[in-house]
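A.B. asks: File follows, data_31.cif with mmCIF, C-alpha atoms:
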data_my_file
loop_
_atom_site.group_PDB
_atom_site.id
_atom_site.type_symbol
_atom_site.label_atom_id
_atom_site.label_comp_id
_atom_site.auth_asym_id
_atom_site.auth_seq_id
_atom_site.Cartn_x
_atom_site.Cartn_y
_atom_site.Cartn_z
ATOM 1 C CA MET N 1 50.098 16.969 11.469
ATOM 2 C CA GLU N 2 47.008 14.757 11.868
ATOM 3 C CA LEU N 3 46.954 12.675 15.001
ATOM 4 C CA ASN N 4 44.935 9.490 14.740
ATOM 5 C CA PHE N 5 45.656 7.217 17.675
ATOM 6 C CA ASN N 6 42.099 6.538 18.829
ATOM 7 C CA LEU N 7 42.898 8.442 22.002
ATOM 8 C CA LEU N 8 39.282 9.293 22.759
ATOM 9 C CA SER N 9 37.499 6.089 21.851
ATOM 10 C CA GLY N 10 34.199 5.751 23.709
ATOM 11 C CA LYS N 11 34.333 9.259 25.156
ATOM 12 C CA THR N 12 31.880 12.100 24.590
ATOM 13 C CA ALA N 13 33.088 15.644 24.110
ATOM 14 C CA LEU N 14 31.036 18.830 24.170
ATOM 15 C CA ILE N 15 32.547 21.650 22.096
ATOM 16 C CA THR N 16 31.307 25.245 21.981
ATOM 17 C CA GLY N 17 32.005 27.463 19.011
ATOM 18 C CA ALA N 18 32.250 24.197 17.119
ATOM 19 C CA SER N 19 31.284 25.326 13.644
ATOM 20 C CA SER N 20 34.480 27.111 12.675
ATOM 21 C CA GLY N 21 38.141 27.754 13.446
ATOM 22 C CA ILE N 22 39.693 25.994 16.420
ATOM 23 C CA GLY N 23 36.344 24.490 17.470
ATOM 24 C CA LYS N 24 35.772 22.885 14.094
ATOM 25 C CA GLU N 25 39.326 21.559 13.854
ATOM 26 C CA THR N 26 38.990 20.168 17.379
ATOM 27 C CA ALA N 27 35.749 18.411 16.414
ATOM 28 C CA LEU N 28 37.463 16.812 13.407
ATOM 29 C CA THR N 29 40.516 15.816 15.458
ATOM 30 C CA PHE N 30 38.359 14.336 18.202
ATOM 31 C CA ALA N 31 36.225 12.395 15.731
ATOM 32 C CA ARG N 32 39.375 11.046 14.093
ATOM 33 C CA ASN N 33 40.313 9.792 17.547
ATOM 34 C CA GLY N 34 37.006 8.085 18.245
ATOM 35 C CA ALA N 35 35.118 10.642 20.337
ATOM 36 C CA ASN N 36 31.379 11.107 20.157
ATOM 37 C CA LEU N 37 30.516 14.759 19.844
ATOM 38 C CA ILE N 38 28.037 17.323 21.132
ATOM 39 C CA LEU N 39 28.583 20.421 19.009
ATOM 40 C CA ILE N 40 27.316 23.866 19.942
ATOM 41 C CA SER N 41 27.309 26.985 17.792
ATOM 42 C CA ARG N 42 25.009 29.775 16.654
ATOM 43 C CA ASN N 43 25.522 28.863 13.001
ATOM 44 C CA GLU N 44 23.100 26.126 11.953
ATOM 45 C CA GLU N 45 24.297 25.925 8.363
ATOM 46 C CA LYS N 46 27.922 25.389 9.343
ATOM 47 C CA LEU N 47 26.967 22.901 12.048
ATOM 48 C CA LYS N 48 24.940 20.881 9.524
ATOM 49 C CA LYS N 49 27.863 20.839 7.107
ATOM 50 C CA LEU N 50 30.320 19.868 9.821
ATOM 51 C CA SER N 51 28.002 17.119 10.979
ATOM 52 C CA LYS N 52 27.985 15.751 7.433
ATOM 53 C CA ASP N 53 31.788 15.955 7.192
ATOM 54 C CA LEU N 54 32.064 13.974 10.428
ATOM 55 C CA GLU N 55 30.058 11.014 9.093
ATOM 56 C CA GLU N 56 33.162 9.293 7.726
ATOM 57 C CA PHE N 57 34.501 8.796 11.267
ATOM 58 C CA ASN N 58 31.537 6.689 12.478
ATOM 59 C CA VAL N 59 31.089 8.525 15.744
ATOM 60 C CA LEU N 60 27.868 9.836 17.254
ATOM 61 C CA VAL N 61 27.340 13.527 16.546
ATOM 62 C CA ASP N 62 24.610 15.755 17.948
ATOM 63 C CA TYR N 63 24.519 19.457 17.316
ATOM 64 C CA TYR N 64 22.629 22.270 19.009
ATOM 65 C CA VAL N 65 22.128 25.725 17.584
ATOM 66 C CA ILE N 66 22.510 27.774 20.729
ATOM 67 C CA ASP N 67 23.747 31.193 21.680
ATOM 68 C CA ILE N 68 25.680 30.294 24.814
ATOM 69 C CA THR N 69 24.923 33.689 26.368
ATOM 70 C CA ASN N 70 21.304 32.554 26.668
ATOM 71 C CA ALA N 71 21.307 30.996 30.142
ATOM 72 C CA GLU N 72 17.846 29.499 29.729
ATOM 73 C CA LEU N 73 18.865 27.633 26.560
ATOM 74 C CA LEU N 74 21.981 26.313 28.290
ATOM 75 C CA LYS N 75 19.905 25.156 31.253
ATOM 76 C CA ASN N 76 17.508 23.340 28.909
ATOM 77 C CA LEU N 77 20.356 21.723 27.000
ATOM 78 C CA PHE N 78 21.968 20.312 30.124
ATOM 79 C CA SER N 79 18.589 19.178 31.479
ATOM 80 C CA GLN N 80 18.073 17.308 28.248
ATOM 81 C CA LEU N 81 21.522 15.742 28.432
ATOM 82 C CA LYS N 82 20.929 14.723 32.042
ATOM 83 C CA LYS N 83 17.528 13.188 31.234
ATOM 84 C CA SER N 84 19.093 11.250 28.344
ATOM 85 C CA LYS N 85 21.775 10.036 30.762
ATOM 86 C CA VAL N 86 24.509 11.336 28.467
ATOM 87 C CA ILE N 87 27.929 11.071 30.059
ATOM 88 C CA ILE N 88 30.072 14.067 29.199
ATOM 89 C CA ASP N 89 33.757 13.214 29.502
ATOM 90 C CA ILE N 90 35.267 16.312 27.947
ATOM 91 C CA VAL N 91 34.214 19.952 27.620
ATOM 92 C CA ILE N 92 35.975 22.360 25.278
ATOM 93 C CA ASN N 93 34.976 25.923 26.132
ATOM 94 C CA ASN N 94 36.108 27.379 22.842
ATOM 95 C CA ALA N 95 33.403 29.904 21.875
ATOM 96 C CA GLY N 96 34.616 33.452 22.157
ATOM 97 C CA ILE N 97 34.404 36.919 20.608
ATOM 98 C CA MET N 98 36.996 39.627 20.109
ATOM 99 C CA GLU N 99 36.033 43.302 19.654
ATOM 100 C CA ASP N 100 39.127 45.488 19.382
ATOM 101 C CA ALA N 101 39.278 49.146 20.380
ATOM 102 C CA VAL N 102 41.412 51.360 22.592
ATOM 103 C CA LEU N 103 39.730 51.711 25.979
ATOM 104 C CA GLN N 104 38.458 55.244 25.424
ATOM 105 C CA MET N 105 36.548 53.967 22.407
ATOM 106 C CA VAL N 106 35.063 50.892 24.040
ATOM 107 C CA LYS N 107 31.315 50.966 24.570
ATOM 108 C CA THR N 108 29.775 49.413 27.664
ATOM 109 C CA GLU N 109 27.738 47.042 25.473
ATOM 110 C CA SER N 110 30.966 45.697 23.975
ATOM 111 C CA ILE N 111 32.395 44.983 27.436
ATOM 112 C CA LYS N 112 29.197 43.196 28.418
ATOM 113 C CA ARG N 113 29.055 41.180 25.170
ATOM 114 C CA THR N 114 32.665 40.108 25.538
ATOM 115 C CA PHE N 115 32.327 39.046 29.146
ATOM 116 C CA ASP N 116 28.935 37.392 28.560
ATOM 117 C CA THR N 117 30.444 35.125 25.896
ATOM 118 C CA ASN N 118 34.061 34.696 26.935
ATOM 119 C CA VAL N 119 33.587 34.458 30.700
ATOM 120 C CA PHE N 120 30.049 34.101 32.047
ATOM 121 C CA ALA N 121 28.905 31.507 29.521
ATOM 122 C CA LEU N 122 32.158 29.586 29.988
ATOM 123 C CA ILE N 123 31.602 29.551 33.760
ATOM 124 C CA ASP N 124 27.955 28.474 33.360
ATOM 125 C CA ILE N 125 28.870 25.615 31.030
ATOM 126 C CA SER N 126 31.722 24.488 33.293
ATOM 127 C CA LYS N 127 29.362 24.506 36.297
ATOM 128 C CA ARG N 128 26.661 22.476 34.553
ATOM 129 C CA ALA N 129 29.038 20.053 32.867
ATOM 130 C CA SER N 130 31.077 19.394 35.995
ATOM 131 C CA ARG N 131 27.847 18.556 37.848
ATOM 132 C CA LEU N 132 27.358 15.747 35.338
ATOM 133 C CA MET N 133 31.059 14.740 35.482
ATOM 134 C CA ILE N 134 31.008 14.429 39.278
ATOM 135 C CA ARG N 135 28.915 11.261 38.918
ATOM 136 C CA ASN N 136 31.763 9.561 37.063
ATOM 137 C CA LYS N 137 34.558 11.004 39.184
ATOM 138 C CA LYS N 138 36.386 11.753 35.943
ATOM 139 C CA GLY N 139 36.467 14.459 33.328
ATOM 140 C CA SER N 140 38.488 17.034 31.454
ATOM 141 C CA ILE N 141 37.489 20.664 30.987
ATOM 142 C CA ILE N 142 39.610 22.726 28.602
ATOM 143 C CA ASN N 143 39.115 26.472 28.456
ATOM 144 C CA LEU N 144 40.390 28.576 25.590
ATOM 145 C CA SER N 145 42.270 31.609 26.836
ATOM 146 C CA SER N 146 44.800 33.500 24.691
ATOM 147 C CA ILE N 147 48.326 34.895 24.638
ATOM 148 C CA ILE N 148 46.486 38.216 24.852
ATOM 149 C CA GLY N 149 45.134 37.085 28.235
ATOM 150 C CA THR N 150 48.613 36.288 29.546
ATOM 151 C CA ASN N 151 50.499 39.209 27.992
ATOM 152 C CA GLY N 152 48.049 41.939 27.050
ATOM 153 C CA SER N 153 47.866 43.817 23.775
ATOM 154 C CA LYS N 154 47.183 47.419 22.797
ATOM 155 C CA GLY N 155 43.600 47.868 21.655
ATOM 156 C CA GLN N 156 42.475 44.610 23.249
ATOM 157 C CA SER N 157 42.116 45.444 26.926
ATOM 158 C CA ILE N 158 38.620 44.005 27.210
ATOM 159 C CA TYR N 159 39.402 40.827 25.284
ATOM 160 C CA SER N 160 42.585 40.505 27.346
ATOM 161 C CA ALA N 161 40.660 40.966 30.611
ATOM 162 C CA SER N 162 38.161 38.297 29.591
ATOM 163 C CA LYS N 163 40.891 35.809 28.657
ATOM 164 C CA ALA N 164 42.811 36.542 31.870
ATOM 165 C CA ALA N 165 39.578 35.815 33.758
ATOM 166 C CA VAL N 166 39.464 32.416 32.050
ATOM 167 C CA ILE N 167 42.927 31.634 33.410
ATOM 168 C CA GLY N 168 42.052 32.568 36.997
ATOM 169 C CA PHE N 169 38.840 30.575 36.772
ATOM 170 C CA THR N 170 40.674 27.569 35.327
ATOM 171 C CA LYS N 171 43.289 27.506 38.064
ATOM 172 C CA SER N 172 40.760 27.854 40.880
ATOM 173 C CA LEU N 173 38.296 25.341 39.477
ATOM 174 C CA SER N 174 41.116 22.842 38.982
ATOM 175 C CA LYS N 175 41.768 22.979 42.735
ATOM 176 C CA GLU N 176 38.068 22.375 43.520
ATOM 177 C CA LEU N 177 37.599 19.525 41.112
ATOM 178 C CA GLY N 178 41.004 17.842 41.497
ATOM 179 C CA PRO N 179 39.784 15.655 44.396
ATOM 180 C CA LEU N 180 37.021 14.447 42.067
ATOM 181 C CA ASN N 181 39.503 13.515 39.307
ATOM 182 C CA ILE N 182 38.113 16.224 37.039
ATOM 183 C CA ARG N 183 40.938 18.097 35.359
ATOM 184 C CA VAL N 184 40.650 21.719 34.301
ATOM 185 C CA ASN N 185 43.232 23.282 32.010
ATOM 186 C CA SER N 186 43.552 26.236 29.734
ATOM 187 C CA ILE N 187 45.152 26.797 26.361
ATOM 188 C CA ALA N 188 46.585 30.160 25.378
ATOM 189 C CA PRO N 189 46.917 30.243 21.605
ATOM 190 C CA GLY N 190 49.123 32.843 19.957
ATOM 191 C CA PHE N 191 48.524 34.162 16.482
ATOM 192 C CA ILE N 192 46.393 31.478 14.836
ATOM 193 C CA MET N 193 44.925 31.749 11.350
ATOM 194 C CA THR N 194 41.153 31.524 11.868
ATOM 195 C CA GLY N 195 38.066 33.499 10.950
ATOM 196 C CA MET N 196 38.787 35.713 13.925
ATOM 197 C CA THR N 197 42.127 36.780 12.413
ATOM 198 C CA GLU N 198 41.368 36.665 8.705
ATOM 199 C CA GLY N 199 40.662 40.397 8.479
ATOM 200 C CA ILE N 200 44.179 41.246 9.589
ATOM 201 C CA THR N 201 46.372 42.977 6.982
ATOM 202 C CA ASP N 202 49.583 41.525 5.568
ATOM 203 C CA CYS N 203 51.480 44.381 7.172
ATOM 204 C CA VAL N 204 50.229 43.432 10.651
ATOM 205 C CA ILE N 205 50.941 39.755 9.971
ATOM 206 C CA GLN N 206 54.539 40.527 8.943
ATOM 207 C CA GLU N 207 54.987 42.660 12.033
ATOM 208 C CA ASN N 208 53.714 39.842 14.250
ATOM 209 C CA LEU N 209 55.945 37.275 12.549
ATOM 210 C CA LYS N 210 58.966 39.178 13.838
ATOM 211 C CA SER N 211 57.955 38.274 17.389
ATOM 212 C CA ILE N 212 57.335 34.561 16.701
ATOM 213 C CA SER N 213 60.548 32.563 17.122
ATOM 214 C CA MET N 214 59.260 29.716 14.937
ATOM 215 C CA GLY N 215 58.704 32.239 12.136
ATOM 216 C CA ARG N 216 55.204 31.192 11.148
ATOM 217 C CA LEU N 217 51.626 31.764 12.194
ATOM 218 C CA GLY N 218 49.836 28.954 13.991
ATOM 219 C CA SER N 219 47.173 26.756 12.453
ATOM 220 C CA THR N 220 43.965 25.486 13.990
ATOM 221 C CA LYS N 221 45.521 22.010 13.847
ATOM 222 C CA ASP N 222 48.397 23.194 16.034
ATOM 223 C CA VAL N 223 45.890 24.150 18.728
ATOM 224 C CA ALA N 224 43.569 21.163 18.240
ATOM 225 C CA ASN N 225 46.441 18.735 18.749
ATOM 226 C CA VAL N 226 47.247 20.229 22.157
ATOM 227 C CA ILE N 227 43.543 20.188 23.056
ATOM 228 C CA LEU N 228 43.566 16.489 22.138
ATOM 229 C CA PHE N 229 46.455 15.891 24.522
ATOM 230 C CA LEU N 230 44.629 17.623 27.372
ATOM 231 C CA ALA N 231 41.397 15.782 26.619
ATOM 232 C CA SER N 232 43.028 12.370 26.537
ATOM 233 C CA ASP N 233 44.412 10.122 29.238
ATOM 234 C CA LEU N 234 47.910 11.079 28.083
ATOM 235 C CA SER N 235 47.506 14.096 30.362
ATOM 236 C CA GLU N 236 45.782 12.412 33.278
ATOM 237 C CA TYR N 237 48.162 14.023 35.791
ATOM 238 C CA VAL N 238 47.900 17.495 34.260
ATOM 239 C CA THR N 239 45.519 20.028 35.761
ATOM 240 C CA GLY N 240 45.433 23.745 36.517
ATOM 241 C CA GLN N 241 47.801 24.519 33.669
ATOM 242 C CA VAL N 242 47.888 27.226 31.001
ATOM 243 C CA ILE N 243 49.561 25.846 27.909
ATOM 244 C CA GLY N 244 50.752 28.329 25.340
ATOM 245 C CA VAL N 245 50.440 27.316 21.693
ATOM 246 C CA ASP N 246 52.187 30.283 20.136
ATOM 247 C CA GLY N 247 55.348 29.249 18.268
ATOM 248 C CA GLY N 248 57.444 31.038 20.893
ATOM 249 C CA MET N 249 55.687 34.373 20.450
ATOM 250 C CA VAL N 250 56.841 37.272 22.616
ATOM 251 C CA ILE N 251 54.517 40.290 22.933
ATOM 252 C CA MET H 1 10.940 4.249 50.887
ATOM 253 C CA ASN H 2 12.122 7.760 50.018
ATOM 254 C CA ASN H 3 13.593 8.106 53.479
ATOM 255 C CA LYS H 4 15.630 4.945 52.915
ATOM 256 C CA LYS H 5 16.769 6.209 49.504
ATOM 257 C CA LEU H 6 17.840 9.526 50.996
ATOM 258 C CA ILE H 7 19.776 7.871 53.802
ATOM 259 C CA GLU H 8 21.512 5.620 51.271
ATOM 260 C CA ALA H 9 22.376 8.674 49.156
ATOM 261 C CA PHE H 10 23.990 10.337 52.181
ATOM 262 C CA CYS H 11 25.843 7.131 53.080
ATOM 263 C CA ASN H 12 27.158 6.603 49.545
ATOM 264 C CA ALA H 13 28.127 10.213 48.923
ATOM 265 C CA LEU H 14 29.676 10.982 52.289
ATOM 266 C CA GLU H 15 30.904 7.442 53.052
ATOM 267 C CA ILE H 16 29.275 7.458 56.466
ATOM 268 C CA ASP H 17 27.167 5.015 58.435
ATOM 269 C CA ALA H 18 23.364 5.165 58.252
ATOM 270 C CA SER H 19 23.200 5.451 62.029
ATOM 271 C CA ILE H 20 24.369 9.081 61.953
ATOM 272 C CA VAL H 21 22.103 10.200 59.126
ATOM 273 C CA LYS H 22 19.503 12.024 61.188
ATOM 274 C CA ASP H 23 17.506 15.139 60.270
ATOM 275 C CA ASP H 24 19.776 17.382 62.327
ATOM 276 C CA LEU H 25 23.045 16.154 60.762
ATOM 277 C CA GLN H 26 24.676 19.360 59.535
ATOM 278 C CA TYR H 27 26.969 20.306 56.691
ATOM 279 C CA GLN H 28 30.559 20.685 57.947
ATOM 280 C CA SER H 29 29.624 19.231 61.344
ATOM 281 C CA ILE H 30 31.488 16.047 60.436
ATOM 282 C CA GLU H 31 34.777 15.673 58.551
ATOM 283 C CA GLN H 32 33.107 13.647 55.823
ATOM 284 C CA TRP H 33 30.604 16.384 54.883
ATOM 285 C CA ASP H 34 32.756 19.151 53.434
ATOM 286 C CA SER H 35 32.380 21.310 50.316
ATOM 287 C CA ILE H 36 33.837 18.607 48.056
ATOM 288 C CA SER H 37 31.640 15.801 49.337
ATOM 289 C CA HIS H 38 28.684 18.210 49.248
ATOM 290 C CA MET H 39 29.110 18.310 45.450
ATOM 291 C CA ILE H 40 29.093 14.519 45.364
ATOM 292 C CA LEU H 41 26.023 14.449 47.609
ATOM 293 C CA ILE H 42 24.096 16.815 45.338
ATOM 294 C CA ALA H 43 24.975 14.713 42.271
ATOM 295 C CA GLU H 44 23.961 11.534 44.124
ATOM 296 C CA ILE H 45 20.599 12.950 45.255
ATOM 297 C CA GLU H 46 19.871 14.262 41.762
ATOM 298 C CA ASP H 47 20.614 10.820 40.340
ATOM 299 C CA VAL H 48 18.704 8.796 42.914
ATOM 300 C CA PHE H 49 15.576 10.969 42.804
ATOM 301 C CA ASP H 50 15.911 11.981 39.137
ATOM 302 C CA ILE H 51 15.599 15.707 39.841
ATOM 303 C CA GLU H 52 17.643 18.840 39.259
ATOM 304 C CA ILE H 53 18.649 20.934 42.233
ATOM 305 C CA ASP H 54 19.191 24.607 41.555
ATOM 306 C CA THR H 55 22.041 26.632 43.032
ATOM 307 C CA ASP H 56 19.962 28.279 45.780
ATOM 308 C CA ASP H 57 18.945 24.855 47.042
ATOM 309 C CA VAL H 58 22.498 23.492 46.734
ATOM 310 C CA ILE H 59 23.550 26.267 49.110
ATOM 311 C CA ASP H 60 20.475 25.783 51.306
ATOM 312 C CA MET H 61 20.921 22.022 51.777
ATOM 313 C CA SER H 62 22.690 22.405 55.114
ATOM 314 C CA THR H 63 21.094 19.485 57.003
ATOM 315 C CA VAL H 64 19.449 16.172 56.232
ATOM 316 C CA GLY H 65 16.155 17.767 57.284
ATOM 317 C CA LYS H 66 16.699 20.574 54.786
ATOM 318 C CA ALA H 67 17.402 17.992 52.090
ATOM 319 C CA LYS H 68 13.941 16.540 52.732
ATOM 320 C CA GLU H 69 12.345 19.984 52.466
ATOM 321 C CA ILE H 70 14.095 20.597 49.161
ATOM 322 C CA LEU H 71 13.065 17.217 47.840
ATOM 323 C CA ASN H 72 9.478 17.978 48.967
ATOM 324 C CA LYS H 73 9.595 21.079 46.763
ATOM 325 C CA ASN H 74 10.535 18.791 43.899
ATOM 326 C CA GLY H 75 7.549 16.532 44.498
ATOM 327 C CA ILE H 76 9.315 13.882 46.576
ATOM 328 C CA GLU H 77 7.291 12.897 49.658
ATOM 329 C CA PHE H 78 8.537 11.624 52.993
#
Let me see the structure of the file written as C-alpha cells.
C.D. replies:
Amino acid sequence: MELNFNLLSGKTALITGASSGIGKETALTFARNGANLILISRNEEKLKKLSKDLEEFNVLVDYYVIDITNAELLKNLFSQLKKSKVIIDIVINNAGIMEDAVLQMVKTESIKRTFDTNVFALIDISKRASRLMIRNKKGSIINLSSIIGTNGSKGQSIYSASKAAVIGFTKSLSKELGPLNIRVNSIAPGFIMTGMTEGITDCVIQENLKSISMGRLGSTKDVANVILFLASDLSEYVTGQVIGVDGGMVI
Amino acid sequence: MNNKKLIEAFCNALEIDASIVKDDLQYQSIEQWDSISHMILIAEIEDVFDIEIDTDDVIDMSTVGKAKEILNKNGIEF
C-alpha cells in the first residue's frame, strides 16, 4: 500500500544504504510524502538512477557515494552539512551487511566487517546527526535492527549480535536524547524480500513461511511504511521502541 | 566581543544568569549544567563560533575557562 499523506513536508531525511531494498523504498516513500533527501550508498550508479526516479516528487535530493565504515568520509560529510546549515530532521540508519556462517566457520575479518557496518558506523552517524538535531530540539532517528537480533538464528550469530547491539544502543540513546525531543526507535524486520534475501532457495522460503502467521513474506513497502510512521509526527510520543515488521513470524 | 558571545552561549544553553558565568564555573557544579545541557552547550558554542568541537574537547570542556582554551585552539581569541 502506498501512503501519500504529505507527512514529511518540509523535512529533510538522511538515509544510509539508500540505493536498494528497504533504503530505496524508504526514499521513495519519503519523497512521496514531501521529504527532502540526503541519500548515502556505496553504489553510485544506483544512486544516480534513484535520484532520477525521485524527480517526479519535486523534493530536493542530494546523494553521496560513501562507504559508511570510512570515519573520515563521514566526518567530512557532516562537516559539509553543518557548513551548509542543513537541518537534518530524520536519520534512517538502514545500511547493513549479513554474512552467514556457523560460528566455527566465521573469520575474524567477517566479524569486524559486520560490526563496522552494522554497529560502529550506525553509532557514528547517530552521534554526528544528533549533534545537528540538538540545535532544533527535535528529530527522529530510526535504526534498522532485525528479527534475527531479537530472536537469534542458526548460522547468523554475528549478524544477530550486531542487530542486538543496535537495539541496546537505540534504547539507551532514546533515554539520553528524550529530554531534547529527539526520538530514537528501532525496526526489526522479519523475512523481507530484498537483495539481501534474493539468494535464498524456494525450499528455505517455504520453510520460513510456516513460521509466519500472515502466510507471506514481507515487502520493502511493508517496512518503509512503518519507518514513515516513526519518522513523522504521528509518532511524536514514541521513543525507545523496537517495532517488529514480520507478519507475526516466530523463530 | 568573543567573551560576551561565550557568556551569552552559556546563558542560552544552560538558562543561567550572566553573573555566574565566570572562568571557574564547573560542569556539574550547578544543577543547570548537567550532561544533557552540556550537549546543548556544545551545539550552541559550535553554532555561535562556527566551529566543530571534537569528542576529546567535548569531554575536556569542564569549566568556562577550559571552553576558552578550546576555542583558542580553534582560532578564537579572548
A.B. asks: Which polymer residues have any atom within 9 Å of an atom of region 30-43 of chain H, counting only C-alpha atoms, with same-chain residues fewer than 6 positions away left out, as a ChimeraX atom specification?
C.D. replies: /N:131-132,134-135,137,176-177,179-180 /H:9-10,12-16,52-53,58,61
A.B. asks: As a check of understanding, name the residues that the PyMOL selection byres ((chain N and resi 55-62) around 8) selects in the supplied structure, as number ranges by chain.
C.D. replies: N: 31-32, 34-39, 51-54, 63-64
A.B. asks: Could you pull the residues within 8 Å of Ala164 (chain N), counting all atoms listed in the file, minus those fewer than 5 positions along the same chain, as an MDAnalysis selection string?
C.D. replies: chainID N and resid 145 149:150
A.B. asks: With distances taken over only C-alpha atoms, which of N:Ala129, N:Asn43, N:Lys112, N:Thr29 is nearest to Met1 (chain N)?
C.D. replies: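 For Met1 (chain N), the nearest of the given residues is N:Thr29.
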A.B. asks: Within 10 Å of Asn3 (chain H), counting only C-alpha atoms, which residues qualify if same-chain residues fewer than 2 places away don't, as a list of chain:residue names?
C.D. replies: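 The filter keeps H:Met1, H:Lys5, H:Leu6, H:Ile7, H:Glu8, H:Ala9, H:Lys68, H:Ile76, H:Glu77, H:Phe78.
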A.B. asks: Would you kindly return, as a PyMOL selection string, each protein, DNA or RNA residue with an atom no farther than 12 Å from any atom of Leu217 (chain N), considering all atoms listed in the file and excluding same-chain residues fewer than 2 positions away?
C.D. replies: chain N and resi 189-194+197-198+202+204-215+219-223+245-249
A.B. asks: Taking 5 positions as the minimum chain separation for residues in the same chain, which residues sit within 9 Å of region 89-101 of chain N when counting only C-alpha atoms? Answer as a short mmCIF file (atom, residue, chain, number, x, y, z; two decimals) with C-alpha atoms, in the frame of the given file.
C.D. replies:
data_model
loop_
_atom_site.label_atom_id
_atom_site.label_comp_id
_atom_site.auth_asym_id
_atom_site.auth_seq_id
_atom_site.Cartn_x
_atom_site.Cartn_y
_atom_site.Cartn_z
CA LYS N 11 34.33 9.26 25.16
CA THR N 12 31.88 12.10 24.59
CA ALA N 13 33.09 15.64 24.11
CA LEU N 14 31.04 18.83 24.17
CA ILE N 15 32.55 21.65 22.10
CA THR N 16 31.31 25.24 21.98
CA GLY N 17 32.01 27.46 19.01
CA ALA N 18 32.25 24.20 17.12
CA ILE N 22 39.69 25.99 16.42
CA GLY N 23 36.34 24.49 17.47
CA THR N 26 38.99 20.17 17.38
CA ILE N 40 27.32 23.87 19.94
CA SER N 41 27.31 26.98 17.79
CA ILE N 68 25.68 30.29 24.81
CA VAL N 106 35.06 50.89 24.04
CA SER N 110 30.97 45.70 23.98
CA ILE N 111 32.40 44.98 27.44
CA ARG N 113 29.06 41.18 25.17
CA THR N 114 32.66 40.11 25.54
CA THR N 117 30.44 35.12 25.90
CA ASN N 118 34.06 34.70 26.94
CA VAL N 119 33.59 34.46 30.70
CA ALA N 121 28.90 31.51 29.52
CA LEU N 122 32.16 29.59 29.99
CA ILE N 125 28.87 25.62 31.03
CA SER N 126 31.72 24.49 33.29
CA ALA N 129 29.04 20.05 32.87
CA SER N 130 31.08 19.39 35.99
CA MET N 133 31.06 14.74 35.48
CA ASN N 136 31.76 9.56 37.06
CA LYS N 138 36.39 11.75 35.94
CA GLY N 139 36.47 14.46 33.33
CA SER N 140 38.49 17.03 31.45
CA ILE N 141 37.49 20.66 30.99
CA ILE N 142 39.61 22.73 28.60
CA ASN N 143 39.12 26.47 28.46
CA LEU N 144 40.39 28.58 25.59
CA SER N 145 42.27 31.61 26.84
CA LYS N 154 47.18 47.42 22.80
CA GLY N 155 43.60 47.87 21.66
CA GLN N 156 42.48 44.61 23.25
CA SER N 157 42.12 45.44 26.93
CA ILE N 158 38.62 44.00 27.21
CA TYR N 159 39.40 40.83 25.28
CA MET N 196 38.79 35.71 13.92
CA ILE N 227 43.54 20.19 23.06
CA ALA N 231 41.40 15.78 26.62
CA SER N 232 43.03 12.37 26.54
#
A.B. asks: Given only C-alpha atoms as the basis, pick out the residue of H:Ala67, H:Asp60, H:Gly75, H:Asp54 nearest to chain N.
C.D. replies: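 Result for the nearest residue to chain N: H:Asp54.
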A.B. asks: Which residues, protein or nucleic acid, reach to within 12 Å of (44.7, 23.5, 31.2) in the file's coordinates when using only C-alpha atoms, and can you give that as an MDAnalysis selection string?
C.D. replies: chainID N and resid 91:93 140:146 166:175 182:189 226:231 235:245
A.B. asks: Would you mind telling me which residue in H:Leu71, H:Glu46, H:Gln28, H:Lys22 lies nearest to chain N when using only C-alpha atoms?
C.D. replies: H:Glu46
A.B. asks: From the options N:Leu7, N:Leu81, N:Leu47, N:Ile66, which residue's atoms come nearest to chain H, counting only C-alpha atoms?
C.D. replies: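 Nearest candidate to chain H out of N:Leu7, N:Leu81, N:Leu47, N:Ile66: N:Leu81.
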A.B. asks: Given only C-alpha atoms as the basis, pick out the residue of H:Thr55, H:Ser19, H:Gln26, H:Thr63 nearest to chain N.
C.D. replies: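 Result for the nearest residue to chain N: H:Thr55.
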A.B. asks: Using all atoms listed in the file, find all polymer residues with an atom at most 7 Å away from the point (23.3, 21.5, 58.5); report them as number ranges by chain.
C.D. replies: H: 24-27, 62-64
